[in-house]
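Visitor: Can you keep this structure in mind? I'll have questions shortly.
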Amino acid sequence: MHHLKFFIFVVMLSSLISCRINQDTEEDRKIFRYNESAGITTLDPAFARDLPHIWVCNQLYDGLVSLDEKLVIKPAIALRWSVSEDGLLYTFWLRNDVWFQDVSVLKGKTRKVKAQDVVFSFNRIINPSLASPGSWIFNSVKREDDQLAIKALNDSVLQIELSQPFPPFLGMLGMAYASILPGEAFDEQALKFAEQAVGTGPFQFQLWEEGVKLVLRRNPNYFMVEDGQQLPLIDAVSINFLADKQIAFMQFIKGKLDFMSGIDARYKDELLSKDGKLKKKYANQIYLLREPYLNTEYLGFFINKKWNEEEASQQLAMRKAINFAIDREKMLKFLRNGTGKAGHSGMIPFGLQGHSSTNRFGYSYQPDSVKSLIMKHKLYSLPITLSTTADYLDLSKFVQSSLKDFGLNASLEVLPAANMRQFRANGSLPFFRASWVGDYPDAENYLSLFYSPNASPNGPNYTHFSSEEFDTLYEQSMRITNDSIRFSLYRIMDSLLMRDAPVAVLFYDEVLRFVQNDIKGLGSNPVNLLDLRRVEILR
């Protein structure tokens, strides 16, 4: 009996020591922690259509190229590249030191990346049976027997042929959809790739408790080295899935999460002053990163081709009056605590090449201009119904109140998001709230919304704006590989848009990142990508 008691005591003591050792080991490791309230449903980059999934995929995979904090295209798996003079042929030379991660999905058979992996990965995205929402990024690539015109000349050289010039193509290869994968990970359904991924990124899969936590550990074979140090600098990434943003906020304030992206209306006044600065009470605990975000928030006007000349002139006057009637600075101060920049200049957002802060057809708050347009064109009698969703009701009410202050007959229509998308696409909404987040770092992304062949429902031109002058410049810009010349044409096109006012740009959004003071090297960027390669944890 005494021997049994002693044995139980030893087992219990060993267990306590083991727990303590594990706990110490866990505490000694440098783990970056954040919350994803929307959850994660897949680790397959073919379905990385939103930020939660893009952020995870950025840790697990690499593409041929990447974007730095200024959206400059940088080498990744491709060491260098060239583009033919006609803009149709892209040649990539791959690095020879990039290895697929050593995880169980490859059964311990890790190997170097080859050009053939790029061919497999890109053709996989366009396969109709996969139904990837990212297949569109290869729309400009020539097709040969339902395959992309992409050839591996050898293990390290690759060529892609476009059907027509499209300068933004190179930047699109930095998107998560264009991640490079090993074909054998899909052989005989080895394991569900969506649940246990393998790529070449700075981190690799370790653990996924659905609805609870996803853990990624440092990839010891990652190819990137800076200042003599192999990246990444931390040991792991831990992602929680707390659905309640208020609870997640409290976890962040308690120091249990390392950073928080964006700000919810429920706690914006707790963290930010009215002019958008971090409140002094938190200065010793956290810091704030601000960055222009490639998101333009705007009001769209449907332009009816059946209007006669008098109706078209009156509707143009109304669109301009609405633009002049909105005090955008006041709106940002009181509804968004100074987050964002007033949209005076055009659709191309602040922070993107092609944006002009001196657009001669831009709009600021000008009460006298509103009154003059109303009187001259007899706008009092025209009904104005702004269609919106519940999420943007505060902004829409501000606009409605602004218009009513000038005696305009303005009302609101609140629609479910699905109905809003449907009605906007089929041209049933004369006046609607919308936004456009850039998928890739080229202003063509925004200008394509007004190219007449893109008229909805077959494209994203929801306003049905049509201008022969604009279309000619758009097509011309797509044939120009010289960036500075192309950006000049972008600015001219944006100016034409503001002249005809198919939209009222409200503001250009900003990325806000709240970070614990012991986290260094996080950084920020205008497409809100999460780059953890250079992060250091000083605790």
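Residue numbering restarts at 1 for every chain of the structure tokens, chains are lettered A, B, ... in their displayed order, and ligands are numbered from 1 as they appear.
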Find the residues around range 457-466 of chain A up to 7 Å (only C-alpha atoms counted), leave out those fewer than 5 positions away in its own chain, and share them as a PyMOL selection string.
Guide: chain A and resi 300-303+424-427+449-452+502
Visitor: Produce a table with one row for each residue of range 364-456 of chain A that has an atom at most 8 Å from any atom of range 170-190 of chain A, each row naming the nearest atom pair and its distance in Å at one decimal; use only C-alpha atoms; arrange rows by chain and rising residue number; format as a Markdown table.
Guide:
```
| residue | atom | partner | partner_atom | distance |
| --- | --- | --- | --- | --- |
| A:Asp439 | CA | A:Met172 | CA | 7.9 |
| A:Tyr440 | CA | A:Met172 | CA | 5.6 |
| A:Pro441 | CA | A:Gly171 | CA | 6.5 |
| A:Asp442 | CA | A:Gly171 | CA | 7.7 |
```
Visitor: Which of these, A:Leu429, A:Phe514, A:Val119, A:Phe205, has the shortest distance to Leu272 in chain A once you count only C-alpha atoms?
Guide: A:Phe514
Visitor: For range 528-539 of chain A, work out the shell of residues within 8 Å, counting only C-alpha atoms and skipping chain neighbours fewer than 6 positions away, then give it as a tab-separated table (two decimals) with N, CA and C atoms, in the first residue's frame.
Guide:
```tsv
chain	number	residue	atom	x	y	z
A	30	LYS	N	8.23	32.66	-29.01
A	30	LYS	CA	7.72	33.94	-29.49
A	30	LYS	C	6.52	33.68	-30.41
A	31	ILE	N	5.33	33.84	-29.86
A	31	ILE	CA	4.10	33.52	-30.58
A	31	ILE	C	3.29	34.79	-30.81
A	32	PHE	N	3.01	35.08	-32.05
A	32	PHE	CA	2.19	36.24	-32.40
A	32	PHE	C	0.74	35.82	-32.40
A	51	LEU	N	-10.07	39.01	-46.65
A	51	LEU	CA	-8.86	39.24	-45.84
A	51	LEU	C	-8.56	38.13	-44.84
A	54	ILE	N	-6.92	35.49	-46.89
A	54	ILE	CA	-5.70	36.00	-47.52
A	54	ILE	C	-4.58	36.11	-46.49
A	55	TRP	N	-4.92	36.61	-45.29
A	55	TRP	CA	-3.90	36.75	-44.25
A	55	TRP	C	-3.25	35.41	-43.91
A	58	ASN	N	-1.05	34.19	-46.78
A	58	ASN	CA	0.20	34.92	-46.89
A	58	ASN	C	1.29	34.34	-46.00
A	59	GLN	N	0.89	33.65	-44.94
A	59	GLN	CA	1.87	33.03	-44.05
A	59	GLN	C	2.32	31.67	-44.58
A	202	PRO	N	6.63	31.60	-44.96
A	202	PRO	CA	7.44	31.74	-43.74
A	202	PRO	C	6.95	30.87	-42.57
A	231	LEU	N	14.49	34.75	-42.02
A	231	LEU	CA	13.12	35.09	-41.65
A	231	LEU	C	12.26	33.82	-41.64
A	232	PRO	N	11.17	33.82	-40.85
A	232	PRO	CA	10.69	34.87	-39.95
A	232	PRO	C	11.45	34.86	-38.63
A	233	LEU	N	11.22	35.90	-37.83
A	233	LEU	CA	11.96	36.07	-36.58
A	233	LEU	C	11.22	35.52	-35.37
A	234	ILE	N	9.97	35.14	-35.55
A	234	ILE	CA	9.19	34.59	-34.43
A	234	ILE	C	8.95	33.10	-34.65
A	293	TYR	N	-5.76	53.07	-47.38
A	293	TYR	CA	-6.28	51.76	-47.75
A	293	TYR	C	-6.90	51.85	-49.14
A	511	VAL	N	-6.26	52.00	-43.36
A	511	VAL	CA	-5.97	50.84	-42.54
A	511	VAL	C	-5.58	51.34	-41.15
A	518	ASP	N	5.07	45.87	-27.19
A	518	ASP	CA	6.21	44.95	-27.25
A	518	ASP	C	6.30	44.20	-28.57
A	519	ILE	N	5.49	44.62	-29.55
A	519	ILE	CA	5.56	44.05	-30.89
A	519	ILE	C	6.24	45.06	-31.81
A	520	LYS	N	7.30	44.65	-32.46
A	520	LYS	CA	8.04	45.54	-33.35
A	520	LYS	C	8.11	44.92	-34.75
A	521	GLY	N	8.18	45.79	-35.75
A	521	GLY	CA	8.38	45.32	-37.12
A	521	GLY	C	7.14	44.87	-37.85
A	522	LEU	N	5.95	45.19	-37.31
A	522	LEU	CA	4.73	44.72	-37.97
A	522	LEU	C	4.48	45.46	-39.28
```
Visitor: DSSP on the backbone: which residues in range 179-293 of chain A end up as helix (DSSP H, G or I)? Give the answer as a list of chain:residue names.
Guide: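 Output for range 179-293 of chain A, helix (DSSP H, G or I) only: A:Gly183, A:Glu184, A:Ala185, A:Phe186, A:Asp187, A:Glu188, A:Gln189, A:Lys245, A:Gln246, A:Ile247, A:Ala248, A:Phe249, A:Met250, A:Gln251, A:Phe252, A:Ile253, A:Lys268, A:Asp269, A:Glu270, A:Leu271, A:Lys280, A:Lys281, A:Tyr282.
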Visitor: Can you list, as number ranges by chain, every protein, DNA or RNA residue that comes within 8 Å of Ala410 in chain A when you count only C-alpha atoms, leaving out same-chain residues fewer than 3 positions away?
Guide: A: 383-386, 400, 403-404
Visitor: If you keep C-alpha atoms, can you produce a file of those selected residues as a tab-separated table (two decimals), in the first residue's frame?
Guide:
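Result saved to again-v5.tsv:
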```tsv
chain	number	residue	atom	x	y	z
A	383	PRO	CA	-37.20	62.98	-55.86
A	384	ILE	CA	-33.93	61.46	-54.58
A	385	THR	CA	-33.91	57.99	-53.00
A	386	LEU	CA	-30.59	56.73	-51.68
A	400	GLN	CA	-29.80	62.51	-46.59
A	403	LEU	CA	-29.38	67.18	-49.00
A	404	LYS	CA	-32.46	68.08	-47.01
```
Visitor: Let me make sure I understand: among A:Leu489, A:Met331, A:Leu382, A:Val437, which one has the smallest atom-to-atom distance to Asp394 in chain A if we use only C-alpha atoms?
Guide: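 Checking each candidate against Asp394 in chain A, we get A:Met331 as the closest.
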Visitor: For Thr389 in chain A, which residue among A:Arg290, A:Arg218, A:Arg421, A:His355 is the nearest when counting only C-alpha atoms?
Guide: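 Using only C-alpha atoms, the shortest distance to Thr389 in chain A belongs to A:Arg421.
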Visitor: Write out as an MDAnalysis selection string the set of residues from range 35-268 of chain A that DSSP, computed on the backbone, places in strand (DSSP E).
Guide: chainID A and resid 35 65:67 73:75 78:83 89:94 143:144 147:148 150:152 157:161 203:209 213:218 225:226 229:230 236:240 259:261
Visitor: Store the residues picked out above, limited to C-alpha atoms, as a PDB file, in the first residue's frame.
Guide:
```pdb
ATOM      1  CA  ASN A  35      -8.216  37.123 -33.475  1.00  0.00           C
ATOM      2  CA  VAL A  65       6.236  38.028 -56.861  1.00  0.00           C
ATOM      3  CA  SER A  66       5.177  39.944 -53.752  1.00  0.00           C
ATOM      4  CA  LEU A  67       4.298  43.518 -52.809  1.00  0.00           C
ATOM      5  CA  ILE A  73       6.413  44.595 -56.974  1.00  0.00           C
ATOM      6  CA  LYS A  74       9.315  42.593 -55.519  1.00  0.00           C
ATOM      7  CA  PRO A  75      10.837  39.193 -56.295  1.00  0.00           C
ATOM      8  CA  ALA A  78      10.824  34.452 -59.089  1.00  0.00           C
ATOM      9  CA  LEU A  79      14.305  35.904 -58.740  1.00  0.00           C
ATOM     10  CA  ARG A  80      13.808  38.141 -61.788  1.00  0.00           C
ATOM     11  CA  TRP A  81      11.589  38.572 -64.851  1.00  0.00           C
ATOM     12  CA  SER A  82      11.312  40.327 -68.183  1.00  0.00           C
ATOM     13  CA  VAL A  83       8.382  41.550 -70.304  1.00  0.00           C
ATOM     14  CA  LEU A  89       5.314  37.577 -73.142  1.00  0.00           C
ATOM     15  CA  TYR A  90       6.461  37.347 -69.504  1.00  0.00           C
ATOM     16  CA  THR A  91       9.586  35.336 -68.691  1.00  0.00           C
ATOM     17  CA  PHE A  92      10.417  34.388 -65.090  1.00  0.00           C
ATOM     18  CA  TRP A  93      13.680  32.983 -63.701  1.00  0.00           C
ATOM     19  CA  LEU A  94      13.041  31.117 -60.424  1.00  0.00           C
ATOM     20  CA  ARG A 143      -5.512  29.724 -73.713  1.00  0.00           C
ATOM     21  CA  GLU A 144      -4.384  26.560 -75.487  1.00  0.00           C
ATOM     22  CA  GLN A 147      -4.981  25.303 -70.541  1.00  0.00           C
ATOM     23  CA  LEU A 148      -3.100  28.524 -69.940  1.00  0.00           C
ATOM     24  CA  ILE A 150       2.288  28.924 -69.699  1.00  0.00           C
ATOM     25  CA  LYS A 151       5.385  26.833 -70.325  1.00  0.00           C
ATOM     26  CA  ALA A 152       8.211  25.529 -68.180  1.00  0.00           C
ATOM     27  CA  VAL A 157      12.600  29.215 -66.340  1.00  0.00           C
ATOM     28  CA  LEU A 158       8.961  29.889 -67.080  1.00  0.00           C
ATOM     29  CA  GLN A 159       7.075  31.822 -69.766  1.00  0.00           C
ATOM     30  CA  ILE A 160       3.499  33.158 -69.750  1.00  0.00           C
ATOM     31  CA  GLU A 161       1.848  34.510 -72.894  1.00  0.00           C
ATOM     32  CA  PHE A 203       5.131  29.604 -41.572  1.00  0.00           C
ATOM     33  CA  GLN A 204       3.711  26.117 -41.923  1.00  0.00           C
ATOM     34  CA  PHE A 205       0.673  24.272 -40.665  1.00  0.00           C
ATOM     35  CA  GLN A 206       0.689  22.857 -37.142  1.00  0.00           C
ATOM     36  CA  LEU A 207      -2.799  22.715 -35.605  1.00  0.00           C
ATOM     37  CA  TRP A 208      -6.367  23.634 -36.492  1.00  0.00           C
ATOM     38  CA  GLU A 209      -9.208  23.303 -33.987  1.00  0.00           C
ATOM     39  CA  LYS A 213      -7.736  28.137 -32.906  1.00  0.00           C
ATOM     40  CA  LEU A 214      -5.350  27.813 -35.849  1.00  0.00           C
ATOM     41  CA  VAL A 215      -1.623  27.515 -35.123  1.00  0.00           C
ATOM     42  CA  LEU A 216       1.178  27.961 -37.645  1.00  0.00           C
ATOM     43  CA  ARG A 217       4.817  27.318 -36.755  1.00  0.00           C
ATOM     44  CA  ARG A 218       7.983  28.837 -38.169  1.00  0.00           C
ATOM     45  CA  VAL A 225      17.397  36.142 -45.314  1.00  0.00           C
ATOM     46  CA  GLU A 226      17.838  39.792 -44.297  1.00  0.00           C
ATOM     47  CA  GLN A 229      19.045  36.667 -40.234  1.00  0.00           C
ATOM     48  CA  GLN A 230      16.750  34.037 -41.648  1.00  0.00           C
ATOM     49  CA  ALA A 236       4.652  30.713 -34.345  1.00  0.00           C
ATOM     50  CA  VAL A 237       1.358  32.406 -35.153  1.00  0.00           C
ATOM     51  CA  SER A 238      -1.765  31.664 -33.116  1.00  0.00           C
ATOM     52  CA  ILE A 239      -5.139  32.736 -34.518  1.00  0.00           C
ATOM     53  CA  ASN A 240      -8.220  32.704 -32.298  1.00  0.00           C
ATOM     54  CA  PHE A 259      -2.719  43.334 -32.608  1.00  0.00           C
ATOM     55  CA  MET A 260      -6.160  44.367 -33.787  1.00  0.00           C
ATOM     56  CA  SER A 261      -7.036  45.515 -37.296  1.00  0.00           C
TER      57      SER A 261
END
```
Visitor: Between A:Gly211, A:Pro168, A:Asn96, A:Ile125, which is the closest to Glu36 in chain A once you count only C-alpha atoms?
Guide: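 Using only C-alpha atoms, Glu36 in chain A sits closest to A:Gly211.
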Visitor: Please report the interatomic distance between CA of Glu85 in chain A and CA of Ile480 in chain A in Å with one decimal.
Guide: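 Computed distance, CA of Glu85 in chain A to CA of Ile480 in chain A, equals 9.6 Å.
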Visitor: What does the structure give for the distance between CA of Gly228 in chain A and CA of Cys57 in chain A, in Å to one decimal?
Guide: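 Result for CA of Gly228 in chain A versus CA of Cys57 in chain A: 25.8 Å, one decimal.
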Visitor: Take CA of Glu270 in chain A and CA of Ile326 in chain A and report the distance between them in Å, one decimal.
Guide: 27.1 Å
Visitor: Determine the nearest neighbour of Asp471 in chain A from the options A:Ala443, A:Gln366, A:Leu497, A:Ser456, counting only C-alpha atoms.
Guide: A:Leu497
